[in-house]
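What follows is final25.cif (mmCIF, C-alpha atoms).
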data_protein
#
loop_
_atom_site.label_atom_id
_atom_site.label_comp_id
_atom_site.auth_asym_id
_atom_site.auth_seq_id
_atom_site.Cartn_x
_atom_site.Cartn_y
_atom_site.Cartn_z
CA MET A 11 0.00 0.00 0.00
CA GLN A 12 1.32 3.45 -0.90
CA HIS A 13 2.24 5.59 2.08
CA PRO A 14 -0.20 8.54 2.53
CA ILE A 15 2.65 11.08 2.76
CA MET A 16 4.08 9.94 -0.57
CA SER A 17 0.61 10.09 -2.14
CA CYS A 18 0.18 13.63 -0.83
CA PHE A 19 3.61 14.63 -2.16
CA GLN A 20 2.82 13.29 -5.61
CA GLN A 21 -0.47 15.24 -5.71
CA ILE A 22 1.31 18.44 -4.76
CA ILE A 23 3.93 17.94 -7.50
CA PHE A 24 1.21 17.34 -10.07
CA LEU A 25 -0.68 20.48 -9.03
CA ILE A 26 2.46 22.62 -9.19
CA ALA A 27 3.29 21.23 -12.64
CA THR A 28 -0.22 22.07 -13.80
CA CYS A 29 0.12 25.63 -12.56
CA MET A 30 3.51 26.02 -14.26
CA ALA A 31 1.92 24.91 -17.53
CA ILE A 32 -0.75 27.56 -17.13
CA THR A 33 1.64 30.42 -16.45
CA GLY A 34 3.36 29.71 -19.77
CA CYS A 35 0.16 30.05 -21.80
CA SER A 36 -0.39 32.82 -24.34
CA VAL A 37 -3.51 34.87 -24.95
CA GLN A 38 -6.01 33.14 -27.17
CA MET A 39 -8.98 34.66 -28.97
CA ASP A 40 -12.29 33.11 -29.87
CA SER A 41 -13.79 33.24 -33.35
CA HIS A 42 -15.17 36.72 -32.66
CA GLY A 43 -11.90 38.21 -31.44
CA THR A 44 -12.84 38.16 -27.76
CA ASP A 45 -9.96 38.08 -25.32
CA LEU A 46 -10.19 34.86 -23.31
CA THR A 47 -8.09 36.29 -20.47
CA SER A 48 -11.26 37.36 -18.67
CA SER A 49 -12.51 34.53 -16.47
CA ASP A 50 -16.12 35.60 -16.93
CA ASN A 51 -15.59 34.79 -20.46
CA PRO A 52 -16.52 35.24 -23.93
CA HIS A 53 -19.43 34.20 -25.99
CA GLN A 54 -19.22 31.77 -28.83
CA ILE A 55 -21.57 31.53 -31.76
CA ILE A 56 -20.81 28.73 -34.17
CA THR A 57 -23.72 28.14 -36.50
CA GLU A 58 -24.47 25.81 -39.35
CA GLN A 59 -23.96 27.47 -42.72
CA SER A 60 -27.23 26.03 -44.00
CA ALA A 61 -29.11 27.65 -41.11
CA GLU A 62 -27.59 31.07 -41.80
CA THR A 63 -28.52 30.95 -45.48
CA GLN A 64 -32.17 30.71 -44.44
CA LEU A 65 -32.00 34.12 -42.73
CA THR A 66 -33.08 37.37 -44.35
CA GLU A 67 -31.43 40.73 -44.90
CA ALA A 68 -32.80 41.89 -41.54
CA PHE A 69 -30.54 39.44 -39.73
CA ARG A 70 -27.49 40.40 -41.79
CA GLN A 71 -28.02 44.09 -41.02
CA GLY A 72 -28.49 43.24 -37.35
CA LYS A 73 -25.30 41.20 -37.29
CA ASP A 74 -23.39 44.06 -38.91
CA LEU A 75 -24.55 46.43 -36.14
CA PHE A 76 -23.81 43.77 -33.51
CA ASP A 77 -20.23 43.41 -34.76
CA LYS A 78 -19.86 47.21 -34.56
CA GLY A 79 -21.08 47.28 -30.96
CA ASP A 80 -24.46 48.88 -31.69
CA TYR A 81 -26.41 46.33 -29.67
CA GLU A 82 -29.59 48.36 -29.34
CA GLY A 83 -29.81 48.82 -33.09
CA ALA A 84 -28.97 45.16 -33.65
CA ILE A 85 -31.79 44.06 -31.37
CA ASP A 86 -34.35 45.85 -33.58
CA TYR A 87 -33.16 43.91 -36.64
CA PHE A 88 -32.94 40.59 -34.79
CA SER A 89 -36.50 41.13 -33.54
CA SER A 90 -37.62 41.75 -37.12
CA GLU A 91 -35.88 38.53 -38.18
CA ILE A 92 -37.62 36.60 -35.41
CA ARG A 93 -41.00 37.83 -36.64
CA LEU A 94 -40.12 36.73 -40.18
CA ASN A 95 -38.38 33.49 -39.22
CA PRO A 96 -39.65 32.39 -35.77
CA ALA A 97 -38.47 28.78 -36.10
CA ASN A 98 -34.77 29.64 -36.48
CA ALA A 99 -32.68 29.64 -33.30
CA ILE A 100 -29.89 31.90 -34.60
CA PRO A 101 -31.60 35.31 -34.30
CA TYR A 102 -32.74 34.42 -30.79
CA GLU A 103 -29.16 33.58 -29.85
CA TYR A 104 -27.77 36.78 -31.33
CA ARG A 105 -30.47 38.90 -29.73
CA GLY A 106 -29.71 37.15 -26.44
CA LEU A 107 -26.05 38.09 -26.78
CA ALA A 108 -26.92 41.70 -27.59
CA LEU A 109 -29.17 41.84 -24.52
CA TYR A 110 -26.42 40.25 -22.42
CA ARG A 111 -23.90 42.87 -23.50
CA MET A 112 -26.41 45.58 -22.61
CA GLY A 113 -26.75 44.11 -19.11
CA GLN A 114 -30.29 42.83 -19.64
CA TYR A 115 -29.53 39.38 -18.32
CA LYS A 116 -33.05 38.15 -17.60
CA LYS A 117 -34.19 38.91 -21.15
CA ALA A 118 -31.01 37.35 -22.49
CA VAL A 119 -31.77 34.12 -20.61
CA GLU A 120 -35.27 34.11 -22.12
CA ASP A 121 -33.88 34.37 -25.66
CA PHE A 122 -31.23 31.71 -25.06
CA SER A 123 -33.90 29.44 -23.59
CA GLU A 124 -36.03 29.82 -26.70
CA ALA A 125 -32.95 29.11 -28.82
CA THR A 126 -32.30 25.89 -26.88
CA ARG A 127 -35.92 24.86 -27.44
CA LEU A 128 -35.53 25.35 -31.19
CA GLN A 129 -32.01 23.90 -31.38
CA PRO A 130 -31.49 21.66 -28.32
CA ASN A 131 -28.27 20.04 -29.53
CA ASP A 132 -26.17 23.20 -29.93
CA PRO A 133 -23.65 23.35 -27.03
CA HIS A 134 -22.81 27.02 -27.69
CA ILE A 135 -26.30 28.20 -26.82
CA TYR A 136 -26.06 26.52 -23.40
CA PHE A 137 -22.62 28.08 -22.97
CA ASN A 138 -24.03 31.55 -23.67
CA ARG A 139 -27.02 31.04 -21.38
CA ALA A 140 -24.64 29.99 -18.61
CA LEU A 141 -22.91 33.36 -18.97
CA ALA A 142 -26.24 35.16 -18.74
CA TYR A 143 -27.15 33.35 -15.51
CA GLY A 144 -24.35 35.30 -13.82
CA ALA A 145 -24.36 34.75 -10.06
CA ASP A 146 -26.90 31.93 -10.29
CA TYR A 147 -24.02 29.48 -10.14
CA GLN A 148 -26.05 26.27 -9.99
CA LYS A 149 -27.95 27.02 -13.20
CA ALA A 150 -24.79 28.21 -14.91
CA ILE A 151 -22.87 25.08 -13.86
CA SER A 152 -25.75 22.96 -15.14
CA ASP A 153 -25.64 24.68 -18.54
CA TYR A 154 -21.86 24.36 -18.81
CA GLY A 155 -22.36 20.68 -18.00
CA LYS A 156 -24.93 20.37 -20.79
CA ALA A 157 -22.55 22.08 -23.22
CA ILE A 158 -19.82 19.61 -22.23
CA GLU A 159 -22.23 16.69 -22.59
CA LEU A 160 -22.98 17.78 -26.16
CA ASP A 161 -19.33 18.56 -26.91
CA PRO A 162 -16.89 16.69 -24.63
CA ASN A 163 -13.99 18.67 -26.13
CA TYR A 164 -15.43 22.08 -25.21
CA ALA A 165 -12.36 23.45 -23.40
CA LEU A 166 -13.82 26.88 -22.67
CA ALA A 167 -16.89 25.35 -21.01
CA TYR A 168 -14.62 23.32 -18.70
CA ASN A 169 -12.64 26.48 -17.93
CA ASN A 170 -15.71 28.57 -17.11
CA ARG A 171 -17.28 25.84 -15.00
CA GLY A 172 -13.99 25.57 -13.14
CA ASN A 173 -14.19 29.31 -12.39
CA LEU A 174 -17.64 28.88 -10.86
CA TYR A 175 -16.59 25.88 -8.79
CA GLU A 176 -13.70 27.97 -7.51
CA ARG A 177 -16.06 30.76 -6.43
CA GLN A 178 -18.06 28.17 -4.50
CA LEU A 179 -14.81 27.01 -2.83
CA ALA A 180 -15.20 23.61 -4.52
CA PHE A 181 -11.47 23.51 -5.25
CA ARG A 182 -11.24 19.84 -6.18
CA GLU A 183 -13.90 20.24 -8.88
CA ALA A 184 -12.30 23.51 -10.01
CA LEU A 185 -8.90 21.85 -10.44
CA ARG A 186 -10.44 18.92 -12.27
CA ASP A 187 -12.14 21.20 -14.81
CA ARG A 188 -9.10 23.48 -15.20
CA ARG A 189 -6.82 20.51 -15.85
CA LYS A 190 -9.28 19.17 -18.42
CA ALA A 191 -9.48 22.57 -20.13
CA ILE A 192 -5.68 22.77 -20.37
CA ALA A 193 -5.45 19.20 -21.67
CA LEU A 194 -7.92 20.08 -24.45
CA ASN A 195 -6.43 23.50 -25.21
CA PRO A 196 -2.94 24.18 -23.81
CA TYR A 197 -3.08 27.79 -25.04
CA LEU A 198 -6.25 28.65 -23.17
CA VAL A 199 -5.57 31.49 -20.74
CA VAL A 200 -7.22 30.93 -17.39
CA ASN A 201 -7.39 32.85 -14.14
CA THR A 202 -3.93 31.92 -12.83
CA PRO A 203 -4.17 33.70 -9.42
CA GLY A 204 -7.41 31.85 -8.78
CA LEU A 205 -5.77 28.56 -9.65
CA TRP A 206 -2.92 29.30 -7.22
CA MET A 207 -5.57 29.76 -4.53
CA ALA A 208 -7.20 26.47 -5.47
CA ILE A 209 -3.83 24.72 -5.30
CA PHE A 210 -3.03 26.38 -1.95
CA PHE A 211 -6.23 25.15 -0.34
CA GLY A 212 -5.86 21.78 -2.04
CA VAL A 213 -2.43 21.36 -0.47
CA ILE A 214 -3.76 22.38 2.96
CA VAL A 215 -6.53 19.79 2.73
CA ALA A 216 -4.08 17.10 1.56
CA VAL A 217 -1.65 17.83 4.42
CA TRP A 218 -4.48 17.91 6.96
CA LYS A 219 -5.75 14.52 5.75
CA THR A 220 -2.24 13.08 5.94
CA ARG A 221 -1.72 14.32 9.50
CA THR A 222 -5.13 13.03 10.54
CA HIS A 223 -4.31 9.62 9.06
CA SER A 224 -0.92 9.55 10.80
CA SER A 225 -2.45 10.53 14.16
CA ARG A 226 -4.97 7.71 13.88
CA GLU A 227 -2.19 5.25 13.09
CA ASN A 228 -0.18 6.46 16.11
CA ARG A 229 -3.16 6.13 18.42
CA SER A 230 -3.83 2.65 17.07
CA SER A 231 -0.19 1.66 17.67
CA SER A 232 -0.28 3.03 21.24
CA THR A 233 -3.44 1.09 21.97
CA ASN A 234 -1.85 -2.14 20.75
#
Full structure transcribed into structure tokens:
Amino acid sequence: MQHPIMSCFQQIIFLIATCMAITGCSVQMDSHGTDLTSSDNPHQIITEQSAETQLTEAFRQGKDLFDKGDYEGAIDYFSSEIRLNPANAIPYEYRGLALYRMGQYKKAVEDFSEATRLQPNDPHIYFNRALAYGADYQKAISDYGKAIELDPNYALAYNNRGNLYERQLAFREALRDRRKAIALNPYLVVNTPGLWMAIFFGVIVAVWKTRTHSSRENRSSSTN
């Protein structure tokens, strides 16, 4: 049987190596040029080409305004597209993102929810709704989990879920998700100071467990 102190030491070495790998990462951008350095993280919209070709000029004008940062103007065009094409999830998702960037999170969640109803197998919609849930960590974690279920290689979803676990002081789960994110995308920039905190508390817990185990062994030996 492996000695508990050696097991603890090996865990600590692995955690430190993980952190060293993170500190060497470079900034990575998503498909829309969003800096991934922020831990509250970027939106992703990856749509099927066939679905986009079904949209009208109203959507294209709305997307042009969206890309320029005119979210209020974009919302008007996306709303027009929804009236013309109510069965397509894409304008709902874009309008949800525009609402999110304007700070209208409840309305954004409503649009993302409608988009998931129309297109339930798109992991990026669940990812975006998780962002809109904000401080409602349980719902956000659930949506990141759904995104990962649909796309097991979704590195950014693992990273964001790890951030939320960290905020809940669930450091073991946070480390698990961060390590998975790095394994899938070594260039993904994550919240390094937060990871150091997770490692710090992880080491404390490991040392405490080792000392507790040793104390029990000593008491057992004294009794015998």
Would you list the contacts of range 156-164 of chain A as a list in words, taking every protein, DNA or RNA residue within 10 Å and counting all atoms listed in the file, but skipping same-chain residues closer than 4 positions in sequence?
Pro130, Asn131, Asp132, Pro133, His134, Ile135, Tyr136, Phe137, Asn138, Ala140, Ala150, Ile151, Ser152, Tyr168, Asn169, Arg171, Lys190, Ala191, Ala193, Leu194 and Asn195 of chain A
How would you write, as a ChimeraX atom specification, the residues chosen by the PyMOL selection byres ((chain A and resi 104-121) around 10) on this structure?
/A:53-55,69,72-73,76-77,79-89,92,99-103,122-127,135-136,138-144
What separates CA of Leu65 in chain A and CA of Asn95 in chain A is a distance of 7.3 Å
What is the distance, in Å and to one decimal place, between CA of Gly172 in chain A and CA of Leu128 in chain A?
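Computing the Euclidean distance for CA of Gly172 in chain A and CA of Leu128 in chain A yields 28.1 Å.
Taking CA of Lys78 in chain A as the reference point, CA of Pro96 in chain A is found at 24.8 Å.
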Can you give me N, CA and C atoms for range 147-162 of chain A, written as an mmCIF file, in the coordinates of the input?
data_model
loop_
_atom_site.group_PDB
_atom_site.id
_atom_site.type_symbol
_atom_site.label_atom_id
_atom_site.label_comp_id
_atom_site.auth_asym_id
_atom_site.auth_seq_id
_atom_site.Cartn_x
_atom_site.Cartn_y
_atom_site.Cartn_z
ATOM 1 N N TYR A 147 -25.072 30.428 -9.804
ATOM 2 C CA TYR A 147 -24.020 29.480 -10.140
ATOM 3 C C TYR A 147 -24.550 28.091 -10.476
ATOM 4 N N GLN A 148 -25.568 27.627 -9.755
ATOM 5 C CA GLN A 148 -26.050 26.270 -9.990
ATOM 6 C C GLN A 148 -26.621 26.108 -11.394
ATOM 7 N N LYS A 149 -27.403 27.091 -11.844
ATOM 8 C CA LYS A 149 -27.950 27.020 -13.200
ATOM 9 C C LYS A 149 -26.854 27.151 -14.239
ATOM 10 N N ALA A 150 -25.896 28.034 -13.969
ATOM 11 C CA ALA A 150 -24.790 28.210 -14.910
ATOM 12 C C ALA A 150 -23.952 26.937 -15.003
ATOM 13 N N ILE A 151 -23.636 26.332 -13.865
ATOM 14 C CA ILE A 151 -22.870 25.080 -13.860
ATOM 15 C C ILE A 151 -23.618 23.995 -14.610
ATOM 16 N N SER A 152 -24.938 23.949 -14.432
ATOM 17 C CA SER A 152 -25.750 22.960 -15.140
ATOM 18 C C SER A 152 -25.663 23.155 -16.651
ATOM 19 N N ASP A 153 -25.709 24.420 -17.095
ATOM 20 C CA ASP A 153 -25.640 24.680 -18.540
ATOM 21 C C ASP A 153 -24.251 24.396 -19.097
ATOM 22 N N TYR A 154 -23.201 24.718 -18.345
ATOM 23 C CA TYR A 154 -21.860 24.360 -18.810
ATOM 24 C C TYR A 154 -21.754 22.833 -18.907
ATOM 25 N N GLY A 155 -22.364 22.143 -17.947
ATOM 26 C CA GLY A 155 -22.360 20.680 -18.000
ATOM 27 C C GLY A 155 -23.080 20.151 -19.224
ATOM 28 N N LYS A 156 -24.195 20.791 -19.589
ATOM 29 C CA LYS A 156 -24.930 20.370 -20.790
ATOM 30 C C LYS A 156 -24.102 20.631 -22.041
ATOM 31 N N ALA A 157 -23.413 21.772 -22.073
ATOM 32 C CA ALA A 157 -22.550 22.080 -23.220
ATOM 33 C C ALA A 157 -21.447 21.030 -23.352
ATOM 34 N N ILE A 158 -20.877 20.619 -22.230
ATOM 35 C CA ILE A 158 -19.820 19.610 -22.230
ATOM 36 C C ILE A 158 -20.377 18.246 -22.634
ATOM 37 N N GLU A 159 -21.595 17.956 -22.195
ATOM 38 C CA GLU A 159 -22.230 16.690 -22.590
ATOM 39 C C GLU A 159 -22.398 16.619 -24.106
ATOM 40 N N LEU A 160 -22.790 17.746 -24.709
ATOM 41 C CA LEU A 160 -22.980 17.780 -26.160
ATOM 42 C C LEU A 160 -21.659 17.845 -26.914
ATOM 43 N N ASP A 161 -20.653 18.457 -26.285
ATOM 44 C CA ASP A 161 -19.330 18.560 -26.910
ATOM 45 C C ASP A 161 -18.266 18.294 -25.850
ATOM 46 N N PRO A 162 -17.855 17.042 -25.678
ATOM 47 C CA PRO A 162 -16.890 16.690 -24.630
ATOM 48 C C PRO A 162 -15.529 17.366 -24.780
#
